[in-house]
Each structure stands twice: as structure tokens, then as C-alpha cells.
Amino acid sequence: MEGRNRSGGRFNDSPREMHKATCADCKNECEVPFKPTEGKPVYCKECFSKRKPQRF
Ligand SMILES: [Zn+2]
């Protein structure tokens, strides 16, 4: 059993580090919760959700 990582039980308390990036789709400046990789396109929230395959 693994019970060592349960300190508090919440994940929302620690603020994520945001990185500024330019959306490869709409070219808007956006912030992403991960470090943008050089050479890889970064999408803003909107474009990212737009690119997700939609269920019908
Ligand atoms: Zn975008």
C-alpha cells in the first residue's frame, strides 16, 4: 500500500508554473502549464480543445 504521498490530499494548492508561448494556430500569446518544446507547436487552450477529436 502506498500512503506516503497523501499529504493534504489536495493538488490545487500548489500553483503551476506557467510558461509564455505563442499559439501555433491563432498566433495569440498564451500561457501553458508546461515548458514549450522548441520545434514543437504550442496551442492555446481554445485551439487545443478545438484540435481534440470530437465525439459524436
Ligand atoms: Zn490558439
# chains A, B, ... in the order shown; residues from 1 in each chain; ligands from 1
>>> residues_near_ligand(ligand="ligand 1", cutoff="12 Å", atoms="only C-alpha atoms and all ligand atoms", output="list of chain:residue names")
A:Ala21, A:Thr22, A:Cys23, A:Ala24, A:Asp25, A:Cys26, A:Lys27, A:Asn28, A:Glu29, A:Cys30, A:Glu31, A:Val32, A:Pro41, A:Val42, A:Tyr43, A:Cys44, A:Lys45, A:Glu46, A:Cys47, A:Phe48, A:Ser49, A:Lys50, A:Arg51
>>> atom_distance(atom1="atom CA of A:Pro36", atom2="atom CA of A:Met18")
10.0 Å
>>> residues_around(residues="A:Lys35", least_positions_apart="2", cutoff="7 Å", atoms="only C-alpha atoms", output="list in words")
His19, Pro33 and Thr37 of chain A
